[in-house]
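Here's the structure, in C-alpha cells; my notes come after.
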Amino acid sequence: MTETPQNSPKRRHQIGLFVTCPVDLIRPSIGFATATLLERAGCDVHVPPQSCCGQVAFNNGQPEETRALAWNIVQQFGQYDYVVLPSGSCGGTIKTHYPELFAQDERHETVVRFCEKVYELTTFLTEVLDYAPTRAGIDLSSETVTYHDSCAGLRELGIKQQPRTLLKRCANLDVTEMEETDVCCGFGGTFCVKYSDVSNRMVTNKVNNIRQSGASMVLGGDLSCLLNIAGKLQRLEPDNPDRVQVRHIAEVLAGELQTPAIGEPSPTRGKGE
Amino acid sequence: MSQVQTQEPQPDFIIRSRAALEDNHLQEALEKAGSGFVYKRQAAIERIGNFEQLRDQARQVRVRALKHLDLYLLHFEKKVQNAGGQVHWAETPEQMREIVIGLCQAQNAKTATKGKSMVGEEVDLNEALEAAGVEPQETDLGEYVLQLAHERPSHIVAPALHKTKAQVQSLFRANHALGERALDEVADIVNEARAVIRDRFLQADVGITGANMLIAETGTAAIVTNEGNGDLTATLPRTHIITTSIDKIVPTWEDASAILRVLGRSATGQDITTYTSFFTGARSERDKDGPEQFHIVLLDNRRSELLGSEYEEMLHCIRCGACMNHCPVYQAVGGHSYNSVYPGPMGAVLTPLLRHEEQDNQLPNASTFCGRCESVCPVRIPLPGLMRKLRDREQREAKHASVSTLAVKLFCRLSRHPVLYRRLTHFSLKLVSMIRGRKSRFRTLPLMSGWSRHRDFPAPDNGSFQSQWQQRHKGTNHD
Amino acid sequence: MTDSRSRILDRIGRSTGGHYDADTIEATFQALSHQQTGAPVQPEMGLTDPVATFTAEAGRNGARVAELESMTQVTQWLRDNVRDATTDANFHLSPAIIGRSLDWSGLNTTAETPAAAGSWGVVQAHTGIAETGTVMSLSDECPSGLLFLVERLVVVIARRDIVGYQEEAWQRLKARGALPRTVNWITGPSRTADIEQQIQIGAHGPREADYLLIDEQ
C-alpha cells in the first residue's frame with residue numbers, strides 16, 4: 001500500500017465487522033445497528049465468515065485452542081483497514097491478550113500489527129472517526145437512562161467517556177449515573193454458570209443499583225453483560241410492564257429502537273415468556 | 001485417553017460460598033464494611049497528584065528486591081547478627097513452628113503476646129504454641145476477637161471483618177467475667193479489650209509479631225500498625241520473635257519509603273498508619289528499653305520456587321488487601337469461602353501456589369476477571385493474568401477432562417471453521433426458533449441451569465446475524 | 001537449620017544466578033544499592049513549608065498541634081491543659097526532657113511504669129516529617145514503651161527538626177551512626193477499625209496525641 005487510509009480522504013475505510021458470538025447468535029440487531037453506524041460514518045462494512053475470538057478457551061485454561069482461533073481471526077480480518085467489534089470484552093481479548101499469547105511465536109509481529117487496527121465500536125467512532133451526526137437520530141433527552149461500564153472494556157481498553165460522548169451526540173442524552181457503575185455484573189463467561197449463586201448476588205446488586213438510579217433504560221457495550229442484567233430484571237419482575245429496558249448502545253446510537261429491548265416481547269409476537 | 005467425569009465435582013469453594021451467601025451475620029458484616037475501604041482509598045489517592053507514579057516506583061522496588069533476593073537476605077542476616085539478633089530459616093510451616101517453639105522453650109516462656117502476623121496464621125502457630133505449653137495471647141483487636149471465637153481471619157488487614165458488633169459483644173460477655181456493663185458502643189468494646197489485654201502485655205515472656213518489610217541495608221524489620229499493640233508486643237517482653245517470609249525484603253530505607261507510600265493508602269486510605277516501627281536487633285547498652293533477645297524466623301514455604309517462574313509477580317505482594325476490598329466476589333462471599341489465610345484475588349493466586357492442593361484449583365476459577373483487583377494493586381500484580389495461568393496449570397495437570405472442558409474444546413474446534421460454524425449455528429437457531437413459539441424468553445435452559453436458576457434468557461432471533469447479513473447482501477458482497 | 005538455609009538460598013540462586021561468599025556480600029550490596037536510578041518519587045502535595053505542612057498533616061491524622069516559643073513554655077502548657085483533665089495526671093518523662101531544667105511545680109512526675117488512667121508521656125522527637133505529620137522517636141533517646149503505655153502522649157518537637165519528606169529523615173538517622181534498636185514513627189493517637197470498620201480512636205496506645213512545636217537554638 002502506498003497510501004494509508006487515514007491520509008487519503010477519497011478512499012472510504014474498509015471495515016471488517018466482527019460482531020462476536022453473542023450478537024451473532026442471540027441478537028443480530030446489534031450487528032446491523034453497528035453496520036448502519038459505520039456506514040453512516042462513511043465506511044464500507046464487510047462481514048467475513050467468523051466465529052469465536054477465543055476468549056472462552058483463553059479463560060478456561062486452553063491457550064493452544066485460543067492461539068488457533070486467534071490466528072484464524074488474524075487471517076480472516078487481516079485484509080481490512082480496521083476491524084470493529086460492538087464489544088469491549090472480545091475487543092479486550094484481541095487487543096490486550098493476542099500479543100501476549102503470541103509473545104514466544106514467530107507470528108508475534110504480524111499479530112501485534114493486526115491488533116493495532118482492531119477497535120471497539122464506541123472507541124472507533126470517537127477516537128478514529130470523531131463521529132458526530134449532523135442531527136441526532138433520536139431524542140432521548142427526556143428519558144432517564146443509565147450506563148453499565150463493562151469490565152474488560154473499562155479496564156483493558158479504557159472505555160468510559162466514549163459511549164457517553166456518543167449518546168450525547170447521537171441521542172441528545174445525558175447519562176444518569178448509577179452507583180458502582182464500574183463494578184462487575186457477575187457474568188464472567190462460564191463463571192455465571194459454575195458459580196451460579198455468587199454470580200446471582202453480583203447481578204442482584206447490579207440490578208438494584210440500576211433500579212435505584214431511577215432509569216427506565218440501561219445501556220451497555222457488551223451483550224453478554226446485558227443478557228445477564230436483562231435476565232435478572234425480568235426474573236425479578238416478570239409481570240411489570242414498566243421494568244427497566246436493556247439495550248446495547250449501538251442500537252440507540254443508530255436510532256434503531258423498533259426491535260424490542262433485550263428479552264422483551266415483540267408487539268407482534270405476543271407477550272412474556 | 002482422558003477419562004470423562006459425568007458429573008462436575010462439587011468443589012469446596014462452591015459449597016462454602018453458598019453457605020456464606022445464606023449466613024445473615026456474615027452478610028450484615030460484609031454490608032457494613034461495604035465500600036468503605038474503596039472510598040477511603042480513593043480519597044487518599046486523590047489528595048496527592050502522582051499516585052500512579054508512586055505505584056510504578058513501588059513495583060520497581062519489588063522487582064529489584066527479588067532480582068537479587070539471595071544477596072539481600074544474606075546482607076540482612078549479617079546486619080541482624082551484628083545488631084545482636086538471630087535469623088532462622090524455615091523451609092516449611094512445620095519447621096517454622098519448631099523453631100518458634102524451641103525459642104520459647106529456651107526462655108522457659110509460659111505466655112506469648114502476639115501481634116498480627118499472616119505468616120503466623122499461615123503456619124498455624126497458635127495451635128502449636130498451645131500444644132507446647134506456651135499460651136498465645138492475640139493483641140490486635142480483630143485477632144483477639146477471633147481467638148475468642150476460635151476462628152480464622154477472613155481478611156489480611158481487617159481479620160475480623162466478618163464479625164458484627166453484636167457478635168463481638170456476646171463474645172466479650174461470654175469470655176470476660178466483668179459483670180453487668182454497657183457494650184453497645186464500639187468505644188465500649190475497644191476500651192474493654194484495652195483493659196483486658198494491657199496486663200498481658202506487661203507480663204508476657206515472649207512477644208511474637210510479623211513484619212511488613214525487611215530492610216536489607218541495616219537488618220531492620222518494619223511493622224505498620226494502628227492500634228499500638230504491635231509495639232507493646234515487640235518492646236516489653238524480654239524476647240521478641242518475628243515470624244515473616246523471605247519475600248518481604250526491600251534493599252534500602254529509601255525503598256521502604258516507596259512501599260510505605262502506597263501501603264497505607266491502598267490498605268485503609270491512610271497516608272501512613274499511626275505507627276510505623278523499625279526494629280534492628282536486640283536492645284544495646286545505649287537503648288532505654290527493648291528486648292534482650294531478638295529472633296527473625298524466615299519462612300519459605302514454596303516461595304523460592306515461584307522466583308523465576310511464570311508466577312513470580314505474586315511475590316511482589318505487599319499484603320495491603322486492596323484487591324479483596326475491591327473484589328465483587330470477595331465482597332459477596334467473604335474471606336472464609338476461600339478456606340485459606342489468604343483470601344480474595346491475591347489469595348486465589350497465592351493459595352494454590354503455596355499449597356498446591358486440588359481443592360484450591362477452584363479459587364482462580366472463582367473470578368469473573370473483572371480486573372478491578374489489578375487496577376488497584378499498588379505494585380501492579382496482574383492478578384487476573386496469574387489466575388488465568390493457574391487455570392492453564394489446572395487443565396495441564398487434570399487427570400480427567402470435565403464436561404465443561406470438553407464443551408469448551410468442542411466449541412473451539414467448531415469455531416476453527418467459520419463457514420461450517422455459520423451453517424451449523426444457522427440451522428440450530430432455526431430449530432430453536434421453531435420450538436420457541438411465541439416466547440420472547442426462556443425461564444429454563446437445558447444444560448445451563450446455573451443461568452436459568454436465577455435469570456431468564458432471551459429467545460434468539462430468527463437466524464444468526466451472519467446468515468441474515470448474507471441474505472440481505474446476496475450478490476452485492478462477496479464476504 | 002543450616003540445611004534449610006542453604007536449600008532455600010540454593011533455590012533462590014537458581015533464579016537470581018547469584019553466588020555469594022561472606023566476604024563479598026557487603027561490597028556487592030553497596031554496588032547494587034547504589035545502582036538506584038534517579039531521585040525518589042515523593043507525593044505531590046505542594047510541600048514548600050515543612051512546618052506548615054507538618055502542622056496540617058498531623059492535624060488531619062488526629063494529633064493536636066500547639067505552637068510554643070521555647071522548651072521552657074512546655075510545662076506551663078502542661079499545667080494549662082491538665083486543668084481540663086478529669087483524672088489526676090501523672091507525668092512520665094523521657095530522659096531528654098528530664099535533662100532539661102524545667103519548672104515542674106504543680107505537676108506530678110513519676111518514673112513508674114505508666115498505668116491506665118491519667119498517665120501522660122512527655123517526650124522530645126528526634127525528627128518531624130511534614131509529608132505525613134509524623135514524629136520520629138529513637139529508643140536510645142526515649143524508651144519506646146513510654147510512647148505506647150501512656151494515655152496521652154505529648155511530643156515536643158523543635159521546628160528546626162522538621163523535615164519535608166521521609167528521605168530526609170533517613171539521612172538524619174543514618175548520619176547519627178549505629179541505629180537504635182527501635183525507631184518509632186508516630187502519626188496521631190492510636191486507633192482501630194476492627195469493629196465494623198468504624199474508626200475508634202484510642203486502641204492499645206495513647207488516646208490523645210499532642211505535638212508541641214518549639215524553637216531551639
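Chain labels follow the order of the C-alpha cells: the first chain is A, the next B, and so on; residue numbering restarts at 1 in every chain, and ligands are counted from 1 in their shown order.
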Can you list every residue of chain C that has an atom at most 7 Å from chain B, with its nearest atom pair and the distance in Å to one decimal, using only C-alpha atoms, ordered by chain then number, as a tab-separated table?
residue	atom	partner	partner_atom	distance
C:Met1	CA	B:Trp89	CA	6.6
C:Ser4	CA	B:Glu91	CA	5.8
C:Arg5	CA	B:Trp89	CA	5.3
C:Ile8	CA	B:Ser304	CA	6.7
C:Leu9	CA	B:Asp70	CA	6.0
C:Arg11	CA	B:Ser304	CA	5.9
C:Ile12	CA	B:Ser304	CA	5.4
C:Gly13	CA	B:Asp70	CA	6.5
C:Ser15	CA	B:Gly308	CA	5.2
C:Thr16	CA	B:His68	CA	5.8
C:Ile25	CA	B:His75	CA	6.3
C:Glu26	CA	B:His75	CA	6.9
C:Ser33	CA	B:Pro251	CA	6.8
C:Val41	CA	B:Leu54	CA	6.2
C:Pro43	CA	B:Ile48	CA	5.9
C:Glu44	CA	B:Gly49	CA	5.0
C:Met45	CA	B:Ile48	CA	5.4
C:Thr132	CA	B:Asp271	CA	6.5
C:Ser139	CA	B:Asp287	CA	5.3
C:Asp140	CA	B:Asp287	CA	4.0
C:Glu141	CA	B:Lys288	CA	6.9
C:Cys142	CA	B:Lys288	CA	6.2
C:Pro143	CA	B:Lys288	CA	4.7
C:Ser144	CA	B:Asp289	CA	6.5
C:Gly145	CA	B:Thr235	CA	6.3
C:Phe148	CA	B:Gly228	CA	6.4
C:Gln166	CA	B:Ser257	CA	6.7
C:Glu167	CA	B:Glu254	CA	6.2
C:Trp170	CA	B:Trp253	CA	7.0
C:Pro180	CA	B:Asp287	CA	6.5
C:Arg181	CA	B:Thr280	CA	4.9
C:Thr182	CA	B:Phe279	CA	4.8
C:Val183	CA	B:Phe278	CA	5.0
C:Asn184	CA	B:Ser277	CA	4.7
C:Trp185	CA	B:Thr276	CA	5.0
C:Ile186	CA	B:Tyr275	CA	4.9
C:Thr187	CA	B:Thr274	CA	4.6
C:Gly188	CA	B:Thr274	CA	5.9
C:Pro189	CA	B:Thr274	CA	6.9
C:Ser190	CA	B:Glu227	CA	5.0
C:Arg191	CA	B:Glu227	CA	5.0
C:Thr192	CA	B:Glu227	CA	5.5
C:Asp194	CA	B:Gly142	CA	5.3
C:Ile195	CA	B:Lys165	CA	6.1
C:Glu196	CA	B:Ala33	CA	6.0
C:Gln197	CA	B:Ala33	CA	5.8
C:Gln200	CA	B:Ala187	CA	6.4
C:Ala203	CA	B:Glu227	CA	5.0
C:His204	CA	B:Gly228	CA	5.3
C:Gly205	CA	B:Gly228	CA	4.8
If I take atom CA of Asn81 of chain C and atom CA of Val51 of chain C, how far is one from the other in Å, to one decimal?
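If I compute the distance from atom CA of Asn81 of chain C to atom CA of Val51 of chain C, I get 23.0 Å.
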Residues of chain B within 6 Å of chain A, using only C-alpha atoms, as an mmCIF file with C-alpha atoms, in the first residue's frame?
data_model
loop_
_atom_site.group_PDB
_atom_site.id
_atom_site.type_symbol
_atom_site.label_atom_id
_atom_site.label_comp_id
_atom_site.auth_asym_id
_atom_site.auth_seq_id
_atom_site.Cartn_x
_atom_site.Cartn_y
_atom_site.Cartn_z
ATOM 1 C CA THR B 368 -15.106 -13.031 36.522
ATOM 2 C CA CYS B 370 -13.343 -8.123 36.059
ATOM 3 C CA ARG B 391 -6.365 -22.239 35.155
ATOM 4 C CA ASP B 392 -3.946 -23.343 32.431
ATOM 5 C CA GLN B 395 -6.021 -28.120 32.806
ATOM 6 C CA SER B 415 -15.071 -22.288 15.741
ATOM 7 C CA ARG B 416 -11.897 -23.036 13.832
ATOM 8 C CA PRO B 418 -16.085 -20.282 10.446
ATOM 9 C CA VAL B 419 -18.060 -21.321 7.396
ATOM 10 C CA ARG B 438 -44.173 -17.025 20.645
ATOM 11 C CA LYS B 439 -41.875 -16.820 23.643
ATOM 12 C CA SER B 440 -39.641 -13.800 23.959
ATOM 13 C CA ARG B 441 -37.514 -15.513 26.588
ATOM 14 C CA GLY B 450 -26.747 -22.324 36.620
ATOM 15 C CA TRP B 451 -28.035 -19.488 34.497
ATOM 16 C CA ARG B 455 -32.332 -15.368 35.379
ATOM 17 C CA ASP B 456 -34.367 -15.520 32.196
ATOM 18 C CA PHE B 457 -32.701 -15.849 28.827
ATOM 19 C CA PRO B 458 -33.902 -14.038 25.720
ATOM 20 C CA PRO B 460 -32.761 -15.800 19.965
ATOM 21 C CA SER B 464 -27.895 -15.694 13.160
ATOM 22 C CA PHE B 465 -26.516 -12.290 12.265
ATOM 23 C CA ASP B 479 -17.937 -11.746 2.194
#
Just list the residues in segment 296-407 of chain B DSSP gives strand (DSSP E or B) on the backbone, as a list in words.
Ile296, Val297, Leu298, Leu299, His400 and Ala401 of chain B
Can you tell me, as number ranges by chain, what residues are no more than 9 Å from Ile129 of chain C when counting only C-alpha atoms, ignoring any on the same chain fewer than 4 positions away?
C: 50-51, 54, 133-136, 161-166, 168-169
Just list as a VMD selection string whatever in segment 19-202 of chain C DSSP marks as alpha helix (DSSP H).
chain C and resid 25 to 33 50 to 60 74 to 82 95 to 98 144 to 149 166 to 175
Give me the residues near Leu253 of chain A as a PyMOL selection string, where near means some atom within 10 Å (using only C-alpha atoms) and where sequence neighbours in that chain fewer than 5 positions away do not count.
chain A and resi 33-34+36-37+122+133+136-138+163+166-171+248
Suppose we keep N, CA and C atoms; can you now write the selection as a PDB file, in the first residue's frame?
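The file below, result14.pdb, is the result:
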ATOM      1  N   ALA A  33     -27.156  -2.706  13.642  1.00  0.00           N
ATOM      2  CA  ALA A  33     -27.033  -1.315  14.108  1.00  0.00           C
ATOM      3  C   ALA A  33     -25.590  -0.848  13.978  1.00  0.00           C
ATOM      4  N   THR A  34     -24.648  -1.732  14.308  1.00  0.00           N
ATOM      5  CA  THR A  34     -23.231  -1.379  14.201  1.00  0.00           C
ATOM      6  C   THR A  34     -22.870  -1.081  12.750  1.00  0.00           C
ATOM      7  N   THR A  36     -24.877  -0.155  10.378  1.00  0.00           N
ATOM      8  CA  THR A  36     -25.539   1.096   9.987  1.00  0.00           C
ATOM      9  C   THR A  36     -24.726   2.313  10.429  1.00  0.00           C
ATOM     10  N   LEU A  37     -24.280   2.275  11.691  1.00  0.00           N
ATOM     11  CA  LEU A  37     -23.497   3.390  12.216  1.00  0.00           C
ATOM     12  C   LEU A  37     -22.217   3.592  11.414  1.00  0.00           C
ATOM     13  N   THR A 122     -17.385   2.031  20.125  1.00  0.00           N
ATOM     14  CA  THR A 122     -17.513   3.436  20.558  1.00  0.00           C
ATOM     15  C   THR A 122     -16.161   4.151  20.520  1.00  0.00           C
ATOM     16  N   PRO A 133     -23.038  13.000  14.097  1.00  0.00           N
ATOM     17  CA  PRO A 133     -24.053  13.151  13.059  1.00  0.00           C
ATOM     18  C   PRO A 133     -24.536  14.592  13.002  1.00  0.00           C
ATOM     19  N   ALA A 136     -29.118  14.626  15.713  1.00  0.00           N
ATOM     20  CA  ALA A 136     -29.332  13.408  16.478  1.00  0.00           C
ATOM     21  C   ALA A 136     -30.452  12.607  15.834  1.00  0.00           C
ATOM     22  N   GLY A 137     -30.244  11.271  15.681  1.00  0.00           N
ATOM     23  CA  GLY A 137     -31.232  10.418  15.040  1.00  0.00           C
ATOM     24  C   GLY A 137     -32.489  10.280  15.876  1.00  0.00           C
ATOM     25  N   ILE A 138     -32.301  10.200  17.162  1.00  0.00           N
ATOM     26  CA  ILE A 138     -33.443  10.156  18.070  1.00  0.00           C
ATOM     27  C   ILE A 138     -33.164  11.117  19.211  1.00  0.00           C
ATOM     28  N   PRO A 163     -18.721   6.131  25.147  1.00  0.00           N
ATOM     29  CA  PRO A 163     -20.164   5.926  24.942  1.00  0.00           C
ATOM     30  C   PRO A 163     -20.982   7.130  25.385  1.00  0.00           C
ATOM     31  N   LEU A 166     -20.886   9.781  22.716  1.00  0.00           N
ATOM     32  CA  LEU A 166     -21.706   9.430  21.555  1.00  0.00           C
ATOM     33  C   LEU A 166     -23.196   9.527  21.856  1.00  0.00           C
ATOM     34  N   LEU A 167     -23.578   9.158  23.069  1.00  0.00           N
ATOM     35  CA  LEU A 167     -25.002   9.233  23.412  1.00  0.00           C
ATOM     36  C   LEU A 167     -25.482  10.673  23.384  1.00  0.00           C
ATOM     37  N   LYS A 168     -24.590  11.575  23.784  1.00  0.00           N
ATOM     38  CA  LYS A 168     -24.944  12.990  23.723  1.00  0.00           C
ATOM     39  C   LYS A 168     -25.085  13.427  22.266  1.00  0.00           C
ATOM     40  N   ARG A 169     -24.115  13.018  21.460  1.00  0.00           N
ATOM     41  CA  ARG A 169     -24.119  13.467  20.064  1.00  0.00           C
ATOM     42  C   ARG A 169     -25.261  12.839  19.254  1.00  0.00           C
ATOM     43  N   CYS A 170     -25.527  11.565  19.470  1.00  0.00           N
ATOM     44  CA  CYS A 170     -26.457  10.844  18.592  1.00  0.00           C
ATOM     45  C   CYS A 170     -27.879  10.815  19.126  1.00  0.00           C
ATOM     46  N   ALA A 171     -28.044  10.955  20.452  1.00  0.00           N
ATOM     47  CA  ALA A 171     -29.397  10.809  21.005  1.00  0.00           C
ATOM     48  C   ALA A 171     -29.727  11.936  21.968  1.00  0.00           C
ATOM     49  N   HIS A 248     -28.286  -2.588  23.922  1.00  0.00           N
ATOM     50  CA  HIS A 248     -26.892  -2.315  23.571  1.00  0.00           C
ATOM     51  C   HIS A 248     -26.801  -0.895  23.024  1.00  0.00           C
TER      52      HIS A 248
END
Two-atom distance - atom CA of Gly121 of chain C, atom CA of Leu107 of chain C (Å):
12.3 Å
One-decimal distance in Å that lies between atom CA of Leu414 of chain B and atom CA of His400 of chain B
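These two atoms are separated by 21.8 Å.
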